[in-house]
Amino acid sequence: MNLAAIVDDHPDDAVALISRNKSTTYGELREQVAALRGGLVGLGLEPGDRVALACANNWYFVVSYLAVVGAGCIAVPVNPSAPSPELASYLAVTRCRALMAGPKARTSVAGLDRSSLADLEFLIQSTGDSQPDAVLLDDLLGSDPAPVVDRDPDDV
């Protein structure tokens, strides 16, 4: 069982969430999560890898969280408004392999000294005004879907 499968038991046309006055149905959410999950796997993320989520409570967080846990990775929610040194500390302590940053984290991410974060391989951002080496969320949402990775209760 995997928490990401929670969206599977709802009708395709039922509203799953409303974010910024835009409704997303369960069918749309399933497609978005499966594609993003495929993008994460395509980057090389593996079950057990830690992925920091620096995003507000919105569509971006929901899709990112479900894709990360669905890929068997460990979601590490962090404050998107944290100053860069605080964000760097979170990333270093948790040894995150990837950082998914929403629009609210733009300033914090821009100020990161990524050379001091040896474990951080991937920066995934939601907007076009991202860091030069960032992967864009929209690009990952165009990936082939990947199946949900089953996890055991002892997997932490």
# chains A, B, ... in the order shown; residues from 1 in each chain; ligands from 1
$ residues_around --residues "segment 119-128 of chain A" --least-positions-apart "6" --cutoff "9 Å" --atoms "only C-alpha atoms" --output "PDB file with N, CA and C atoms, in the first residue's frame"
ATOM      1  N   LEU A  43      14.329  11.163 -13.635  1.00  0.00           N
ATOM      2  CA  LEU A  43      15.520  11.890 -13.183  1.00  0.00           C
ATOM      3  C   LEU A  43      16.520  10.957 -12.500  1.00  0.00           C
ATOM      4  N   TYR A  60       0.269  22.774  -6.155  1.00  0.00           N
ATOM      5  CA  TYR A  60       1.660  22.354  -6.339  1.00  0.00           C
ATOM      6  C   TYR A  60       2.087  21.386  -5.236  1.00  0.00           C
ATOM      7  N   LEU A  91      17.956  21.188   4.302  1.00  0.00           N
ATOM      8  CA  LEU A  91      18.411  20.293   3.233  1.00  0.00           C
ATOM      9  C   LEU A  91      19.632  19.485   3.660  1.00  0.00           C
ATOM     10  N   ALA A  92      20.535  20.110   4.385  1.00  0.00           N
ATOM     11  CA  ALA A  92      21.745  19.415   4.829  1.00  0.00           C
ATOM     12  C   ALA A  92      21.419  18.353   5.876  1.00  0.00           C
ATOM     13  N   ARG A  95      19.478  15.517   4.294  1.00  0.00           N
ATOM     14  CA  ARG A  95      20.214  14.904   3.185  1.00  0.00           C
ATOM     15  C   ARG A  95      19.303  14.656   1.976  1.00  0.00           C
ATOM     16  N   CYS A  96      18.521  15.674   1.641  1.00  0.00           N
ATOM     17  CA  CYS A  96      17.608  15.569   0.503  1.00  0.00           C
ATOM     18  C   CYS A  96      18.387  15.485  -0.803  1.00  0.00           C
ATOM     19  N   ARG A  97      17.914  14.603  -1.658  1.00  0.00           N
ATOM     20  CA  ARG A  97      18.519  14.436  -2.977  1.00  0.00           C
ATOM     21  C   ARG A  97      17.909  15.395  -3.990  1.00  0.00           C
ATOM     22  N   ALA A  98      16.692  15.855  -3.697  1.00  0.00           N
ATOM     23  CA  ALA A  98      16.005  16.781  -4.602  1.00  0.00           C
ATOM     24  C   ALA A  98      15.253  17.817  -3.782  1.00  0.00           C
ATOM     25  N   LEU A  99      15.079  18.977  -4.383  1.00  0.00           N
ATOM     26  CA  LEU A  99      14.278  20.055  -3.807  1.00  0.00           C
ATOM     27  C   LEU A  99      13.255  20.460  -4.852  1.00  0.00           C
ATOM     28  N   MET A 100      11.977  20.369  -4.475  1.00  0.00           N
ATOM     29  CA  MET A 100      10.891  20.844  -5.328  1.00  0.00           C
ATOM     30  C   MET A 100      10.422  22.163  -4.722  1.00  0.00           C
ATOM     31  N   ALA A 101      10.610  23.249  -5.460  1.00  0.00           N
ATOM     32  CA  ALA A 101      10.346  24.579  -4.924  1.00  0.00           C
ATOM     33  C   ALA A 101       9.232  25.275  -5.688  1.00  0.00           C
ATOM     34  N   GLY A 102       8.213  25.678  -4.950  1.00  0.00           N
ATOM     35  CA  GLY A 102       7.117  26.436  -5.529  1.00  0.00           C
ATOM     36  C   GLY A 102       7.462  27.915  -5.609  1.00  0.00           C
ATOM     37  N   PRO A 103       6.547  28.718  -6.137  1.00  0.00           N
ATOM     38  CA  PRO A 103       6.804  30.149  -6.318  1.00  0.00           C
ATOM     39  C   PRO A 103       7.191  30.879  -5.031  1.00  0.00           C
ATOM     40  N   ARG A 106      10.977  30.967  -4.219  1.00  0.00           N
ATOM     41  CA  ARG A 106      11.880  31.501  -5.248  1.00  0.00           C
ATOM     42  C   ARG A 106      13.061  32.266  -4.644  1.00  0.00           C
ATOM     43  N   ALA A 134      17.839  24.391 -13.061  1.00  0.00           N
ATOM     44  CA  ALA A 134      16.629  23.777 -12.521  1.00  0.00           C
ATOM     45  C   ALA A 134      15.862  23.023 -13.601  1.00  0.00           C
ATOM     46  N   VAL A 135      15.179  21.991 -13.155  1.00  0.00           N
ATOM     47  CA  VAL A 135      14.233  21.265 -13.999  1.00  0.00           C
ATOM     48  C   VAL A 135      12.878  21.919 -13.751  1.00  0.00           C
ATOM     49  N   LEU A 136      12.133  22.182 -14.803  1.00  0.00           N
ATOM     50  CA  LEU A 136      10.826  22.818 -14.638  1.00  0.00           C
ATOM     51  C   LEU A 136       9.735  21.779 -14.417  1.00  0.00           C
ATOM     52  N   LEU A 137       8.839  22.100 -13.499  1.00  0.00           N
ATOM     53  CA  LEU A 137       7.717  21.224 -13.197  1.00  0.00           C
ATOM     54  C   LEU A 137       6.938  20.880 -14.459  1.00  0.00           C
ATOM     55  N   ASP A 138       6.676  21.867 -15.302  1.00  0.00           N
ATOM     56  CA  ASP A 138       5.903  21.616 -16.526  1.00  0.00           C
ATOM     57  C   ASP A 138       6.567  20.566 -17.409  1.00  0.00           C
ATOM     58  N   LEU A 140       8.413  18.045 -16.328  1.00  0.00           N
ATOM     59  CA  LEU A 140       8.194  16.742 -15.692  1.00  0.00           C
ATOM     60  C   LEU A 140       6.748  16.286 -15.835  1.00  0.00           C
TER      61      LEU A 140
END
$ residues_around --residues "Ala14 of chain A" --least-positions-apart "6" --cutoff "9 Å" --atoms "only C-alpha atoms" --output "VMD selection string"
chain A and resid 24 to 27
$ select_by_dssp --residues "segment 42-147 of chain A" --states "strand (DSSP E or B)" --output "PyMOL selection string"
chain A and resi 50-54+74-77+98-101+122-125+135-136
$ closest_residue --among "A:Leu40, A:Val63, A:Ala105, A:Val93" --to "Ala118 of chain A" --atoms "only C-alpha atoms"
A:Val93
$ closest_atom_pairs --of "segment 38-90 of chain A" --to "segment 111-116 of chain A" --cutoff "8 Å" --atoms "only C-alpha atoms" --output "Markdown table"
| residue | atom | partner | partner_atom | distance |
| --- | --- | --- | --- | --- |
| A:Ser84 | CA | A:Leu112 | CA | 5.4 |
| A:Pro85 | CA | A:Leu112 | CA | 7.1 |
| A:Leu87 | CA | A:Leu112 | CA | 7.8 |
| A:Ala88 | CA | A:Leu112 | CA | 6.5 |
$ atom_distance --atom1 "atom CA of Asp13 of chain A" --atom2 "atom CA of Arg151 of chain A"
27.9 Å
$ residues_around --residues "Val78 of chain A" --least-positions-apart "5" --cutoff "9 Å" --atoms "only C-alpha atoms" --output "PyMOL selection string"
chain A and resi 52-55+87+90-91
$ write_last_selection --atoms "C-alpha atoms" --output "CSV table (one decimal), in the first residue's frame"
chain,number,residue,atom,x,y,z
A,52,ALA,CA,12.2,18.5,0.1
A,53,LEU,CA,9.0,20.2,-0.8
A,54,ALA,CA,9.3,24.0,-0.4
A,55,CYS,CA,5.8,25.0,-1.4
A,87,LEU,CA,16.5,26.2,4.0
A,90,TYR,CA,17.0,21.7,6.4
A,91,LEU,CA,18.4,20.3,3.2
$ atom_distance --atom1 "atom CA of Val62 of chain A" --atom2 "atom CA of Ser108 of chain A"
20.7 Å
$ residues_around --residues "Ala35 of chain A" --least-positions-apart "2" --cutoff "7 Å" --atoms "only C-alpha atoms" --output "compact mmCIF listing (two decimals) with C-alpha atoms, in the first residue's frame"
# COMPACT_ATOMS: atom_id res chain seq x y z
CA GLU A 31 -2.87 11.95 -14.49
CA GLN A 32 -0.78 14.83 -13.14
CA VAL A 33 0.57 12.82 -10.21
CA ARG A 37 6.00 10.54 -10.60
CA GLY A 38 7.31 9.35 -13.97
CA GLY A 39 9.39 12.51 -14.27
CA LEU A 140 8.19 16.74 -15.69
CA LEU A 141 4.40 16.88 -16.05
CA GLY A 142 4.94 15.89 -19.69
CA SER A 143 6.66 12.65 -18.67
CA ASP A 144 5.33 9.16 -19.23
CA PRO A 145 3.38 7.99 -16.18
CA ALA A 146 5.05 5.69 -13.66
$ select_by_dssp --residues "chain A" --states "helix (DSSP H, G or I)" --output "PyMOL selection string"
chain A and resi 3-9+26-43+59-70+84-94+103-110+114-116+137-140
$ closest_residue --among "A:Leu117, A:Thr107, A:Asn58, A:Gly70" --to "Ala5 of chain A" --atoms "only C-alpha atoms"
A:Gly70
$ atom_distance --atom1 "atom CA of Val68 of chain A" --atom2 "atom CA of Ser89 of chain A"
21.0 Å
$ residues_around --residues "Leu3 of chain A" --least-positions-apart "6" --cutoff "10 Å" --atoms "only C-alpha atoms" --output "PyMOL selection string"
chain A and resi 65-66+69-70+72+148+150-151
$ closest_residue --among "A:Ala71, A:Glu86, A:Pro132, A:Asp12" --to "Gly48 of chain A" --atoms "only C-alpha atoms"
A:Ala71
$ residues_around --residues "Val7 of chain A" --least-positions-apart "3" --cutoff "8 Å" --atoms "only C-alpha atoms" --output "list in words"
Ala4, His10, Tyr26, Leu29 and Arg30 of chain A
$ write_last_selection --atoms "C-alpha atoms" --output "PDB file, in the first residue's frame"
ATOM      1  CA  ALA A   4      -0.434   8.064  -3.073  1.00  0.00           C
ATOM      2  CA  HIS A  10     -12.776   8.389  -6.475  1.00  0.00           C
ATOM      3  CA  TYR A  26      -9.597  13.231  -9.397  1.00  0.00           C
ATOM      4  CA  LEU A  29      -5.078  14.772 -10.403  1.00  0.00           C
ATOM      5  CA  ARG A  30      -4.308  11.094 -11.063  1.00  0.00           C
TER       6      ARG A  30
END
$ decode --residues "segment 102-128 of chain A" --atoms "N, CA and C atoms" --output "PDB file, in the first residue's frame"
ATOM      1  N   GLY A 102       8.213  25.678  -4.950  1.00  0.00           N
ATOM      2  CA  GLY A 102       7.117  26.436  -5.529  1.00  0.00           C
ATOM      3  C   GLY A 102       7.462  27.915  -5.609  1.00  0.00           C
ATOM      4  N   PRO A 103       6.547  28.718  -6.137  1.00  0.00           N
ATOM      5  CA  PRO A 103       6.804  30.149  -6.318  1.00  0.00           C
ATOM      6  C   PRO A 103       7.191  30.879  -5.031  1.00  0.00           C
ATOM      7  N   LYS A 104       6.604  30.490  -3.889  1.00  0.00           N
ATOM      8  CA  LYS A 104       6.922  31.177  -2.632  1.00  0.00           C
ATOM      9  C   LYS A 104       8.359  30.954  -2.186  1.00  0.00           C
ATOM     10  N   ALA A 105       9.016  29.929  -2.695  1.00  0.00           N
ATOM     11  CA  ALA A 105      10.394  29.618  -2.286  1.00  0.00           C
ATOM     12  C   ALA A 105      11.425  30.229  -3.228  1.00  0.00           C
ATOM     13  N   ARG A 106      10.977  30.967  -4.219  1.00  0.00           N
ATOM     14  CA  ARG A 106      11.880  31.501  -5.248  1.00  0.00           C
ATOM     15  C   ARG A 106      13.061  32.266  -4.644  1.00  0.00           C
ATOM     16  N   THR A 107      12.799  33.168  -3.712  1.00  0.00           N
ATOM     17  CA  THR A 107      13.858  33.981  -3.109  1.00  0.00           C
ATOM     18  C   THR A 107      14.814  33.122  -2.287  1.00  0.00           C
ATOM     19  N   SER A 108      14.261  32.222  -1.493  1.00  0.00           N
ATOM     20  CA  SER A 108      15.098  31.341  -0.666  1.00  0.00           C
ATOM     21  C   SER A 108      16.002  30.475  -1.526  1.00  0.00           C
ATOM     22  N   VAL A 109      15.462  29.930  -2.590  1.00  0.00           N
ATOM     23  CA  VAL A 109      16.238  29.056  -3.475  1.00  0.00           C
ATOM     24  C   VAL A 109      17.331  29.854  -4.182  1.00  0.00           C
ATOM     25  N   ALA A 110      17.009  31.057  -4.603  1.00  0.00           N
ATOM     26  CA  ALA A 110      17.995  31.886  -5.311  1.00  0.00           C
ATOM     27  C   ALA A 110      19.209  32.183  -4.436  1.00  0.00           C
ATOM     28  N   GLY A 111      19.014  32.237  -3.118  1.00  0.00           N
ATOM     29  CA  GLY A 111      20.107  32.545  -2.210  1.00  0.00           C
ATOM     30  C   GLY A 111      20.861  31.340  -1.681  1.00  0.00           C
ATOM     31  N   LEU A 112      20.494  30.138  -2.119  1.00  0.00           N
ATOM     32  CA  LEU A 112      21.168  28.922  -1.633  1.00  0.00           C
ATOM     33  C   LEU A 112      22.582  28.809  -2.188  1.00  0.00           C
ATOM     34  N   ASP A 113      23.503  28.399  -1.330  1.00  0.00           N
ATOM     35  CA  ASP A 113      24.843  28.020  -1.781  1.00  0.00           C
ATOM     36  C   ASP A 113      24.804  26.511  -1.979  1.00  0.00           C
ATOM     37  N   ARG A 114      24.442  26.107  -3.175  1.00  0.00           N
ATOM     38  CA  ARG A 114      24.242  24.678  -3.433  1.00  0.00           C
ATOM     39  C   ARG A 114      25.545  23.893  -3.431  1.00  0.00           C
ATOM     40  N   SER A 115      26.668  24.561  -3.539  1.00  0.00           N
ATOM     41  CA  SER A 115      27.949  23.843  -3.509  1.00  0.00           C
ATOM     42  C   SER A 115      28.206  23.230  -2.134  1.00  0.00           C
ATOM     43  N   SER A 116      27.516  23.734  -1.105  1.00  0.00           N
ATOM     44  CA  SER A 116      27.683  23.186   0.243  1.00  0.00           C
ATOM     45  C   SER A 116      26.688  22.067   0.540  1.00  0.00           C
ATOM     46  N   LEU A 117      25.837  21.739  -0.416  1.00  0.00           N
ATOM     47  CA  LEU A 117      24.812  20.706  -0.225  1.00  0.00           C
ATOM     48  C   LEU A 117      25.147  19.501  -1.102  1.00  0.00           C
ATOM     49  N   ALA A 118      26.034  18.665  -0.613  1.00  0.00           N
ATOM     50  CA  ALA A 118      26.566  17.553  -1.401  1.00  0.00           C
ATOM     51  C   ALA A 118      25.498  16.561  -1.848  1.00  0.00           C
ATOM     52  N   ASP A 119      24.458  16.379  -1.043  1.00  0.00           N
ATOM     53  CA  ASP A 119      23.429  15.392  -1.384  1.00  0.00           C
ATOM     54  C   ASP A 119      22.412  15.905  -2.395  1.00  0.00           C
ATOM     55  N   LEU A 120      22.296  17.214  -2.529  1.00  0.00           N
ATOM     56  CA  LEU A 120      21.268  17.804  -3.392  1.00  0.00           C
ATOM     57  C   LEU A 120      21.692  17.738  -4.858  1.00  0.00           C
ATOM     58  N   GLU A 121      21.030  16.859  -5.603  1.00  0.00           N
ATOM     59  CA  GLU A 121      21.346  16.674  -7.026  1.00  0.00           C
ATOM     60  C   GLU A 121      20.380  17.394  -7.950  1.00  0.00           C
ATOM     61  N   PHE A 122      19.120  17.519  -7.519  1.00  0.00           N
ATOM     62  CA  PHE A 122      18.088  18.027  -8.415  1.00  0.00           C
ATOM     63  C   PHE A 122      17.326  19.180  -7.785  1.00  0.00           C
ATOM     64  N   LEU A 123      17.151  20.232  -8.562  1.00  0.00           N
ATOM     65  CA  LEU A 123      16.306  21.353  -8.186  1.00  0.00           C
ATOM     66  C   LEU A 123      15.168  21.397  -9.194  1.00  0.00           C
ATOM     67  N   ILE A 124      13.948  21.284  -8.681  1.00  0.00           N
ATOM     68  CA  ILE A 124      12.760  21.296  -9.534  1.00  0.00           C
ATOM     69  C   ILE A 124      11.960  22.536  -9.151  1.00  0.00           C
ATOM     70  N   GLN A 125      11.721  23.420 -10.105  1.00  0.00           N
ATOM     71  CA  GLN A 125      10.993  24.651  -9.829  1.00  0.00           C
ATOM     72  C   GLN A 125       9.752  24.754 -10.701  1.00  0.00           C
ATOM     73  N   SER A 126       8.804  25.551 -10.203  1.00  0.00           N
ATOM     74  CA  SER A 126       7.497  25.619 -10.846  1.00  0.00           C
ATOM     75  C   SER A 126       7.375  26.698 -11.899  1.00  0.00           C
ATOM     76  N   THR A 127       8.343  27.590 -11.978  1.00  0.00           N
ATOM     77  CA  THR A 127       8.170  28.721 -12.883  1.00  0.00           C
ATOM     78  C   THR A 127       9.342  28.880 -13.832  1.00  0.00           C
ATOM     79  N   GLY A 128       9.112  29.647 -14.876  1.00  0.00           N
ATOM     80  CA  GLY A 128      10.135  29.881 -15.879  1.00  0.00           C
ATOM     81  C   GLY A 128      11.274  30.761 -15.400  1.00  0.00           C
TER      82      GLY A 128
END
